[in-house]
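Notes follow the structure.
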Amino acid sequence: MPTLNQIIFWFFAFTAVASGIVMITRQKPMQSAIAFLVTLLSLAGLYLLLDAQFVAILQIIIYAGAILVLILFVIMLLHSHSGEGSTSKVPLQRPVAILLSLILFGGSIYLFASTDFGVASTPPSDMGTAQNVGHTLFDKFILPFEVASILLLTGLIGAVVLAKREREDSSNDAH
Amino acid sequence: MTLNDLFVLSPEIIVTVSALIILILDLFLAAEFKRSLAGFTLFGIVLAAVANAFIPIGSAPLIQGMLRVDAISQFLNLIFLVGAGVAALLSADYVKRQGIARGEYYALILLSTLGAMLMGSSANLIMIFLGLETLSIPLYILSAFMRTRSASQEAGLKYFLLGSFASALLLYGIALLYGATGSIQIDEILAKLPAAMLATPLFVYAGGGLLLVGLAFKAAVVPFHMWAPDVYEGAPTSATAFMAVAAKAGAFAALLRLFGPGLMQIDSAGVVIIGILAGLTMIFGNIAALAQLNLKRLLAYSSIAHAGYLLLAITAAQSTPLAGTAINGLLFYLLIYTLMTLGAFGVVILAEGRGENLSLSDFSGFASRHPWIAGAMAIFMVSLAGIPPTAGFIGKFLIFSAVIQAGEIGLALIGVFASVISVYYYLRVVYYMYMRPSTSERPVFVSGFIVLGVGLTAIAVLVFGIYPSVILQWLPQAASATLP
């Protein structure tokens, strides 16, 4: 008799894999994006089962919220008229892609099957809470945290430098 | 974070603050005063170099085990700061001439230098990754800085796509190594590797291999060098000069931290692979350079070839009694490589005039028109080829002697043969300048800052070649004791 935990696990695991397959088989990018959203939400459910509340919330806010909106924007900007995927393809793209994915899949299956992982110890009950994550982030990982903020600033500068329209070249850009 | 931590971090903090001040100053400066930002950049770099000379060094990891501030990282910081300083000198008038004089340019150079400095003192895989990204992302932007030119756009996009791919591989390698050893602290990983090797060898090989690929890409090591010639050619020349030294020095700093002494005791396969990469890089880089007629592409292949010599030093550092000698050789060579490459690019910037894509024939009769600039170029070419009395010879001598002492006679022979090949294409530049009659009168763009940069590097290459002890006495003597 499966426990409630197991039932919930299988539910989320099945939805994650099923929507993943839907995502890569749809022709229209919009449908793929929505299927991707379902995958992300089911993964958040799996994180909750592992007592990682904070990670689950972050997963929903950042991935399902921000990143998916970004993807939708790109789709809208690139395919605003048709909603269709791009038609230009590299020759032999599909067979080569399938072959490479199969090799990667086989390799990782072999890697995990040949490894004896043992049973993980039960994490302490407060692991993965917002308080705990905050403590770790601002104590042990304070320097990486600061460097990451500089890195984000660099990305911002880059976006402005490369995309901002300047007075002298506005005459070239104007249509 | 204690007060001492802040003190130890002061060179990095000064570099970051200078970058931020430049961004703010840029808002208020009129276009004709933008040149003063180069002066401010230099001021920040000199200040950071002074702070770097006074920071207390020790071998224990600091700031919750993130950084290791030892004699090696101190010397690496010096190399990065010298590279950034000379690059700022070369850029000052170039960016104005090309119409890309914007303050962000200098801020990006400083931020990239910060990334390299963090990589050089990493004691933790997270810091290696963050340092690498902080180093690379400004370089992607700098390659595409001349955004109205399609070659520059292409260079930026190519570098960005391939570079992100390499970063992803590196991150995957970090994850696998963490899975195998349960730690991201470099010294803990080295301590736990023998046990992990027995339990999960595939994870260790896959993780270590991916880390090596990621860093080899940044260092432009064959077969991960494909991006280099196109990116070097398309990027603004002053950005290319900085990229050629910053990315290479940063990547080798990380390679030294990760694959430095101690690897061989655990597994000899890693050393064999690095040796093969070194041989391939030296042979391919030098042979491909023979066919290049475009000066920027020629210097790109030359920088690939030099990655091979530097990798030789990493293999020699594997045998414990020689680690100190080999690391000293690597650090010396990195400094000299920085000086001579920046100097050669400086001459290219001068000779390009207002155009782009300087080819070898533009150098015909250059010596009769501009004897001083041609003389400096001749010094850089002779030094890149490794001929005495220049510093390039001393650098190659230090590395090859360490390799021979380590018993890798085959690799040393390949290195010597590759250097002999390289003499042909380096001296061909000198031949064009001195022996060929003047054909085209391509006007030279003379600027005080660039001439100062080229002059300083040329003098340094000569002086360090004749009196290498000036540098050698500053090298970390007991280098082997400070690495795990």
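Identifiers in this document derive from the order of the structure tokens: chains are assigned A, B, ..., residues are numbered from 1 separately in each chain, and ligands are numbered from 1 in order of occurrence.
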
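Selecting chain B residues within 8 Å of chain A and counting only C-alpha atoms yields B:Met1, B:Ile63, B:Gln64, B:Met66, B:Glu104, B:Leu108, B:Leu111, B:Ile126, B:Met127, B:Leu130, B:Gly131, B:Glu133, B:Thr134, B:Ile137, B:Pro138, B:Ile141, B:Ala144, B:Phe145, B:Arg147, B:Ala199, B:Thr200, B:Leu202, B:Phe203.
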
Close residues, Ser422 of chain B itself excluded, 8 Å, only C-alpha atoms, min 4 positions apart in chain, as a PyMOL selection string: chain B and resi 286-287+289-290+385+418+426

Excluding Ala52 of chain A and its own-chain neighbours fewer than 5 positions away, which residues fall within 9 Å of it when counting only C-alpha atoms? Please give them as a short mmCIF file (atom, residue, chain, number, x, y, z; two decimals) with C-alpha atoms, in the first residue's frame.
data_model
loop_
_atom_site.label_atom_id
_atom_site.label_comp_id
_atom_site.auth_asym_id
_atom_site.auth_seq_id
_atom_site.Cartn_x
_atom_site.Cartn_y
_atom_site.Cartn_z
CA LEU A 46 8.64 17.68 -5.83
CA TYR A 47 10.81 20.20 -3.98
CA ILE A 57 8.81 29.08 -3.75
CA MET A 127 16.83 22.66 6.18
CA GLY A 128 15.69 24.56 3.13
CA THR A 129 13.66 27.13 5.04
#

Given only C-alpha atoms as the counted atoms, nearest of A:Thr3, A:Ser32, A:Thr39, A:Ser108 to Ala18 of chain A: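 Ranked by minimum distance to Ala18 of chain A, first place goes to A:Thr39.
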
Spatial neighbours of Val55 of chain A, 12 Å, only C-alpha atoms, chain gap at least 6 places, as number ranges by chain: A: 41, 43-49, 61-63, 127-134

Generate the output file for the selected residues, N, CA and C atoms, as an mmCIF file, in the first residue's frame.
data_model
loop_
_atom_site.group_PDB
_atom_site.id
_atom_site.type_symbol
_atom_site.label_atom_id
_atom_site.label_comp_id
_atom_site.auth_asym_id
_atom_site.auth_seq_id
_atom_site.Cartn_x
_atom_site.Cartn_y
_atom_site.Cartn_z
ATOM 1 N N LEU A 41 6.136 23.742 -12.575
ATOM 2 C CA LEU A 41 5.270 23.702 -11.393
ATOM 3 C C LEU A 41 5.337 22.323 -10.732
ATOM 4 N N LEU A 43 7.857 20.303 -10.751
ATOM 5 C CA LEU A 43 9.144 20.219 -10.060
ATOM 6 C C LEU A 43 9.068 20.950 -8.721
ATOM 7 N N ALA A 44 8.372 22.093 -8.703
ATOM 8 C CA ALA A 44 8.201 22.817 -7.444
ATOM 9 C C ALA A 44 7.489 21.925 -6.432
ATOM 10 N N GLY A 45 6.493 21.162 -6.891
ATOM 11 C CA GLY A 45 5.809 20.228 -6.005
ATOM 12 C C GLY A 45 6.760 19.194 -5.442
ATOM 13 N N LEU A 46 7.661 18.675 -6.294
ATOM 14 C CA LEU A 46 8.641 17.679 -5.832
ATOM 15 C C LEU A 46 9.558 18.286 -4.769
ATOM 16 N N TYR A 47 9.951 19.547 -4.972
ATOM 17 C CA TYR A 47 10.812 20.202 -3.976
ATOM 18 C C TYR A 47 10.090 20.309 -2.633
ATOM 19 N N LEU A 48 8.779 20.592 -2.693
ATOM 20 C CA LEU A 48 8.004 20.692 -1.450
ATOM 21 C C LEU A 48 8.019 19.361 -0.713
ATOM 22 N N LEU A 49 7.891 18.278 -1.474
ATOM 23 C CA LEU A 49 7.915 16.946 -0.863
ATOM 24 C C LEU A 49 9.231 16.694 -0.151
ATOM 25 N N ILE A 61 8.478 31.465 -8.294
ATOM 26 C CA ILE A 61 8.602 32.901 -8.556
ATOM 27 C C ILE A 61 9.547 33.147 -9.731
ATOM 28 N N ILE A 62 10.748 32.516 -9.689
ATOM 29 C CA ILE A 62 11.772 32.851 -10.685
ATOM 30 C C ILE A 62 11.518 32.125 -12.002
ATOM 31 N N TYR A 63 11.393 30.776 -11.934
ATOM 32 C CA TYR A 63 11.279 30.042 -13.197
ATOM 33 C C TYR A 63 9.888 30.188 -13.790
ATOM 34 N N MET A 127 16.061 22.458 7.398
ATOM 35 C CA MET A 127 16.834 22.656 6.185
ATOM 36 C C MET A 127 15.936 23.147 5.046
ATOM 37 N N GLY A 128 16.447 24.088 4.273
ATOM 38 C CA GLY A 128 15.689 24.559 3.129
ATOM 39 C C GLY A 128 14.656 25.602 3.473
ATOM 40 N N THR A 129 14.579 26.038 4.728
ATOM 41 C CA THR A 129 13.660 27.130 5.043
ATOM 42 C C THR A 129 14.306 28.447 4.631
ATOM 43 N N ALA A 130 13.455 29.475 4.492
ATOM 44 C CA ALA A 130 13.964 30.777 4.048
ATOM 45 C C ALA A 130 15.018 31.293 5.016
ATOM 46 N N GLN A 131 14.763 31.094 6.338
ATOM 47 C CA GLN A 131 15.685 31.589 7.351
ATOM 48 C C GLN A 131 17.062 30.947 7.190
ATOM 49 N N ASN A 132 17.026 29.626 6.987
ATOM 50 C CA ASN A 132 18.274 28.881 6.875
ATOM 51 C C ASN A 132 19.047 29.273 5.624
ATOM 52 N N VAL A 133 18.321 29.394 4.509
ATOM 53 C CA VAL A 133 18.973 29.783 3.259
ATOM 54 C C VAL A 133 19.608 31.158 3.418
ATOM 55 N N GLY A 134 18.872 32.077 4.064
ATOM 56 C CA GLY A 134 19.398 33.417 4.270
ATOM 57 C C GLY A 134 20.666 33.404 5.093
#

Residue neighbourhood Phe54 of chain B, 12 Å, only C-alpha atoms, exclusion window fewer than 2 positions, as a ChimeraX atom specification: /B:7-11,47-52,56-57,69,71,74,78

Counting only C-alpha atoms, give me one row per residue of segment 181-291 of chain B with an atom at most 10 Å from an atom of segment 157-169 of chain B, showing the shortest contact pair and its distance in Å to one decimal, sorted by chain then residue number, as a Markdown table.
| residue | atom | partner | partner_atom | distance |
| --- | --- | --- | --- | --- |
| B:Gly207 | CA | B:Leu169 | CA | 9.2 |
| B:Gly209 | CA | B:Leu169 | CA | 9.4 |
| B:Leu210 | CA | B:Leu169 | CA | 5.7 |
| B:Leu211 | CA | B:Leu169 | CA | 7.1 |
| B:Leu212 | CA | B:Leu169 | CA | 9.3 |
| B:Val213 | CA | B:Ala166 | CA | 7.2 |
| B:Gly214 | CA | B:Ala166 | CA | 4.7 |
| B:Leu215 | CA | B:Ala166 | CA | 7.8 |
| B:Ala216 | CA | B:Ala166 | CA | 8.9 |
| B:Phe217 | CA | B:Ala166 | CA | 6.5 |
| B:Lys218 | CA | B:Gly163 | CA | 7.4 |
| B:Phe224 | CA | B:Ala166 | CA | 9.4 |
| B:Met226 | CA | B:Leu162 | CA | 9.4 |
| B:Trp227 | CA | B:Tyr159 | CA | 6.5 |
| B:Ala228 | CA | B:Tyr159 | CA | 8.2 |
| B:Asp230 | CA | B:Lys158 | CA | 8.3 |
| B:Val231 | CA | B:Tyr159 | CA | 6.5 |
| B:Tyr232 | CA | B:Tyr159 | CA | 9.7 |
| B:Ala235 | CA | B:Tyr159 | CA | 10.0 |

Expected answer as an NGL selection string: helix (DSSP H, G or I) residues in chain A: :A and (4-25 or 29-49 or 53-78 or 93-113 or 130-139 or 142-163 or 170-173)

Among segment 6-242 of chain B, which residues does DSSP mark as strand (DSSP E or B) when it is run on the backbone? Keep the chain and numbering as in the structure and answer as a short mmCIF file (atom, residue, chain, number, x, y, z; two decimals) with all heavy atoms, in the first residue's frame.
data_model
loop_
_atom_site.label_atom_id
_atom_site.label_comp_id
_atom_site.auth_asym_id
_atom_site.auth_seq_id
_atom_site.Cartn_x
_atom_site.Cartn_y
_atom_site.Cartn_z
N LEU B 62 40.79 32.20 3.15
CA LEU B 62 40.16 33.28 3.91
C LEU B 62 38.70 33.42 3.50
O LEU B 62 38.26 32.83 2.52
CB LEU B 62 40.88 34.60 3.64
CG LEU B 62 42.33 34.68 4.10
CD1 LEU B 62 42.98 35.85 3.45
CD2 LEU B 62 42.39 34.78 5.60
N LEU B 67 38.69 32.43 -0.68
CA LEU B 67 39.88 32.95 -1.36
C LEU B 67 41.14 32.48 -0.66
O LEU B 67 41.15 32.27 0.55
CB LEU B 67 39.87 34.49 -1.37
CG LEU B 67 38.85 35.19 -2.25
CD1 LEU B 67 39.12 36.66 -2.26
CD2 LEU B 67 38.87 34.63 -3.65
N SER B 122 41.22 32.06 -6.16
CA SER B 122 40.13 31.18 -5.74
C SER B 122 40.63 30.03 -4.90
O SER B 122 41.65 29.43 -5.21
CB SER B 122 39.42 30.59 -6.95
OG SER B 122 38.84 31.58 -7.70
N ASN B 124 37.93 27.99 -4.01
CA ASN B 124 36.63 27.36 -4.00
C ASN B 124 36.11 27.35 -5.43
O ASN B 124 36.30 28.31 -6.17
CB ASN B 124 35.72 28.22 -3.11
CG ASN B 124 34.44 27.52 -2.76
OD1 ASN B 124 33.71 27.12 -3.65
ND2 ASN B 124 34.18 27.39 -1.49
N GLN B 185 35.30 22.98 -1.95
CA GLN B 185 36.53 23.61 -1.49
C GLN B 185 37.69 22.89 -2.18
O GLN B 185 37.78 21.67 -2.09
CB GLN B 185 36.59 23.42 0.03
CG GLN B 185 37.53 24.32 0.75
CD GLN B 185 36.91 25.69 0.91
OE1 GLN B 185 35.71 25.83 0.87
NE2 GLN B 185 37.76 26.68 1.06
#

Residues near segment 305-310 of chain B, cut-off 8 Å, only C-alpha atoms, skip fewer than 2 positions along chain, as an MDAnalysis selection string: chainID B and resid 219:221 248 252 277:286 301:303 312:314 330 333:334 337 396 399 415

For the residues in the current selection, export N, CA, C and O atoms as an mmCIF file, in the first residue's frame.
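Output (result-v9.cif):
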data_model
loop_
_atom_site.group_PDB
_atom_site.id
_atom_site.type_symbol
_atom_site.label_atom_id
_atom_site.label_comp_id
_atom_site.auth_asym_id
_atom_site.auth_seq_id
_atom_site.Cartn_x
_atom_site.Cartn_y
_atom_site.Cartn_z
ATOM 1 N N ALA B 219 41.233 29.686 -22.395
ATOM 2 C CA ALA B 219 42.647 29.913 -22.662
ATOM 3 C C ALA B 219 42.975 29.718 -24.138
ATOM 4 O O ALA B 219 44.120 29.888 -24.531
ATOM 5 N N ALA B 220 41.982 29.356 -24.963
ATOM 6 C CA ALA B 220 42.174 29.098 -26.395
ATOM 7 C C ALA B 220 43.215 28.008 -26.620
ATOM 8 O O ALA B 220 44.208 28.191 -27.304
ATOM 9 N N VAL B 221 42.984 26.847 -25.996
ATOM 10 C CA VAL B 221 43.858 25.696 -26.172
ATOM 11 C C VAL B 221 43.263 24.819 -27.267
ATOM 12 O O VAL B 221 42.057 24.605 -27.296
ATOM 13 N N LYS B 248 43.520 34.843 -21.171
ATOM 14 C CA LYS B 248 44.560 33.803 -21.077
ATOM 15 C C LYS B 248 45.115 33.722 -19.657
ATOM 16 O O LYS B 248 45.197 32.647 -19.072
ATOM 17 N N PHE B 252 44.678 30.577 -17.055
ATOM 18 C CA PHE B 252 45.823 29.829 -16.552
ATOM 19 C C PHE B 252 45.944 29.932 -15.037
ATOM 20 O O PHE B 252 46.422 28.992 -14.391
ATOM 21 N N LEU B 277 47.298 17.949 -24.806
ATOM 22 C CA LEU B 277 46.738 19.247 -25.201
ATOM 23 C C LEU B 277 47.859 20.244 -25.458
ATOM 24 O O LEU B 277 47.822 21.001 -26.440
ATOM 25 N N ALA B 278 48.875 20.234 -24.590
ATOM 26 C CA ALA B 278 49.977 21.186 -24.756
ATOM 27 C C ALA B 278 50.678 20.950 -26.092
ATOM 28 O O ALA B 278 50.927 21.892 -26.854
ATOM 29 N N GLY B 279 50.963 19.673 -26.406
ATOM 30 C CA GLY B 279 51.648 19.361 -27.656
ATOM 31 C C GLY B 279 50.834 19.788 -28.858
ATOM 32 O O GLY B 279 51.323 20.468 -29.763
ATOM 33 N N LEU B 280 49.520 19.416 -28.855
ATOM 34 C CA LEU B 280 48.641 19.786 -29.976
ATOM 35 C C LEU B 280 48.604 21.290 -30.161
ATOM 36 O O LEU B 280 48.676 21.801 -31.282
ATOM 37 N N THR B 281 48.473 22.018 -29.036
ATOM 38 C CA THR B 281 48.326 23.475 -29.119
ATOM 39 C C THR B 281 49.576 24.106 -29.703
ATOM 40 O O THR B 281 49.490 24.982 -30.573
ATOM 41 N N MET B 282 50.757 23.655 -29.242
ATOM 42 C CA MET B 282 51.993 24.246 -29.749
ATOM 43 C C MET B 282 52.141 23.981 -31.239
ATOM 44 O O MET B 282 52.466 24.880 -32.022
ATOM 45 N N ILE B 283 51.885 22.716 -31.664
ATOM 46 C CA ILE B 283 52.095 22.376 -33.067
ATOM 47 C C ILE B 283 51.076 23.089 -33.942
ATOM 48 O O ILE B 283 51.411 23.805 -34.883
ATOM 49 N N PHE B 284 49.771 22.925 -33.585
ATOM 50 C CA PHE B 284 48.743 23.486 -34.453
ATOM 51 C C PHE B 284 48.806 25.006 -34.492
ATOM 52 O O PHE B 284 48.730 25.611 -35.558
ATOM 53 N N GLY B 285 48.942 25.645 -33.318
ATOM 54 C CA GLY B 285 48.954 27.107 -33.269
ATOM 55 C C GLY B 285 50.034 27.685 -34.145
ATOM 56 O O GLY B 285 49.812 28.609 -34.928
ATOM 57 N N ASN B 286 51.228 27.114 -34.063
ATOM 58 C CA ASN B 286 52.340 27.665 -34.826
ATOM 59 C C ASN B 286 52.210 27.379 -36.314
ATOM 60 O O ASN B 286 52.515 28.235 -37.147
ATOM 61 N N TYR B 301 46.669 33.440 -33.669
ATOM 62 C CA TYR B 301 47.267 32.102 -33.678
ATOM 63 C C TYR B 301 48.503 32.074 -32.798
ATOM 64 O O TYR B 301 48.801 31.057 -32.153
ATOM 65 N N SER B 302 49.245 33.204 -32.753
ATOM 66 C CA SER B 302 50.408 33.239 -31.873
ATOM 67 C C SER B 302 49.955 33.093 -30.417
ATOM 68 O O SER B 302 50.595 32.402 -29.627
ATOM 69 N N SER B 303 48.814 33.710 -30.073
ATOM 70 C CA SER B 303 48.369 33.583 -28.680
ATOM 71 C C SER B 303 47.891 32.162 -28.390
ATOM 72 O O SER B 303 48.035 31.676 -27.261
ATOM 73 N N LEU B 312 52.618 23.583 -20.906
ATOM 74 C CA LEU B 312 53.808 22.791 -20.590
ATOM 75 C C LEU B 312 54.199 22.999 -19.134
ATOM 76 O O LEU B 312 54.556 22.050 -18.424
ATOM 77 N N ALA B 313 54.142 24.264 -18.692
ATOM 78 C CA ALA B 313 54.532 24.568 -17.318
ATOM 79 C C ALA B 313 53.601 23.873 -16.332
ATOM 80 O O ALA B 313 54.036 23.422 -15.270
ATOM 81 N N ILE B 314 52.293 23.765 -16.706
ATOM 82 C CA ILE B 314 51.356 23.080 -15.798
ATOM 83 C C ILE B 314 51.740 21.611 -15.675
ATOM 84 O O ILE B 314 51.707 21.039 -14.582
ATOM 85 N N LEU B 330 55.931 29.598 -15.059
ATOM 86 C CA LEU B 330 54.613 29.947 -15.592
ATOM 87 C C LEU B 330 54.292 31.413 -15.322
ATOM 88 O O LEU B 330 53.853 32.146 -16.214
ATOM 89 N N TYR B 333 56.464 33.718 -17.405
ATOM 90 C CA TYR B 333 56.052 33.698 -18.816
ATOM 91 C C TYR B 333 54.752 34.465 -19.016
ATOM 92 O O TYR B 333 54.597 35.185 -20.003
ATOM 93 N N LEU B 334 53.800 34.306 -18.070
ATOM 94 C CA LEU B 334 52.528 35.021 -18.186
ATOM 95 C C LEU B 334 52.757 36.525 -18.201
ATOM 96 O O LEU B 334 52.143 37.244 -18.993
ATOM 97 N N TYR B 337 54.421 37.390 -21.515
ATOM 98 C CA TYR B 337 53.430 37.239 -22.583
ATOM 99 C C TYR B 337 52.512 38.457 -22.594
ATOM 100 O O TYR B 337 52.198 39.014 -23.659
ATOM 101 N N LYS B 396 60.789 31.210 -22.023
ATOM 102 C CA LYS B 396 60.804 29.873 -22.626
ATOM 103 C C LYS B 396 61.877 29.015 -21.972
ATOM 104 O O LYS B 396 61.668 27.822 -21.722
ATOM 105 N N ILE B 399 60.617 27.658 -18.642
ATOM 106 C CA ILE B 399 59.598 26.614 -18.772
ATOM 107 C C ILE B 399 60.223 25.330 -19.319
ATOM 108 O O ILE B 399 60.038 24.236 -18.764
ATOM 109 N N GLY B 415 58.113 21.356 -27.933
ATOM 110 C CA GLY B 415 58.088 22.791 -27.671
ATOM 111 C C GLY B 415 59.182 23.520 -28.424
ATOM 112 O O GLY B 415 58.947 24.571 -29.033
#
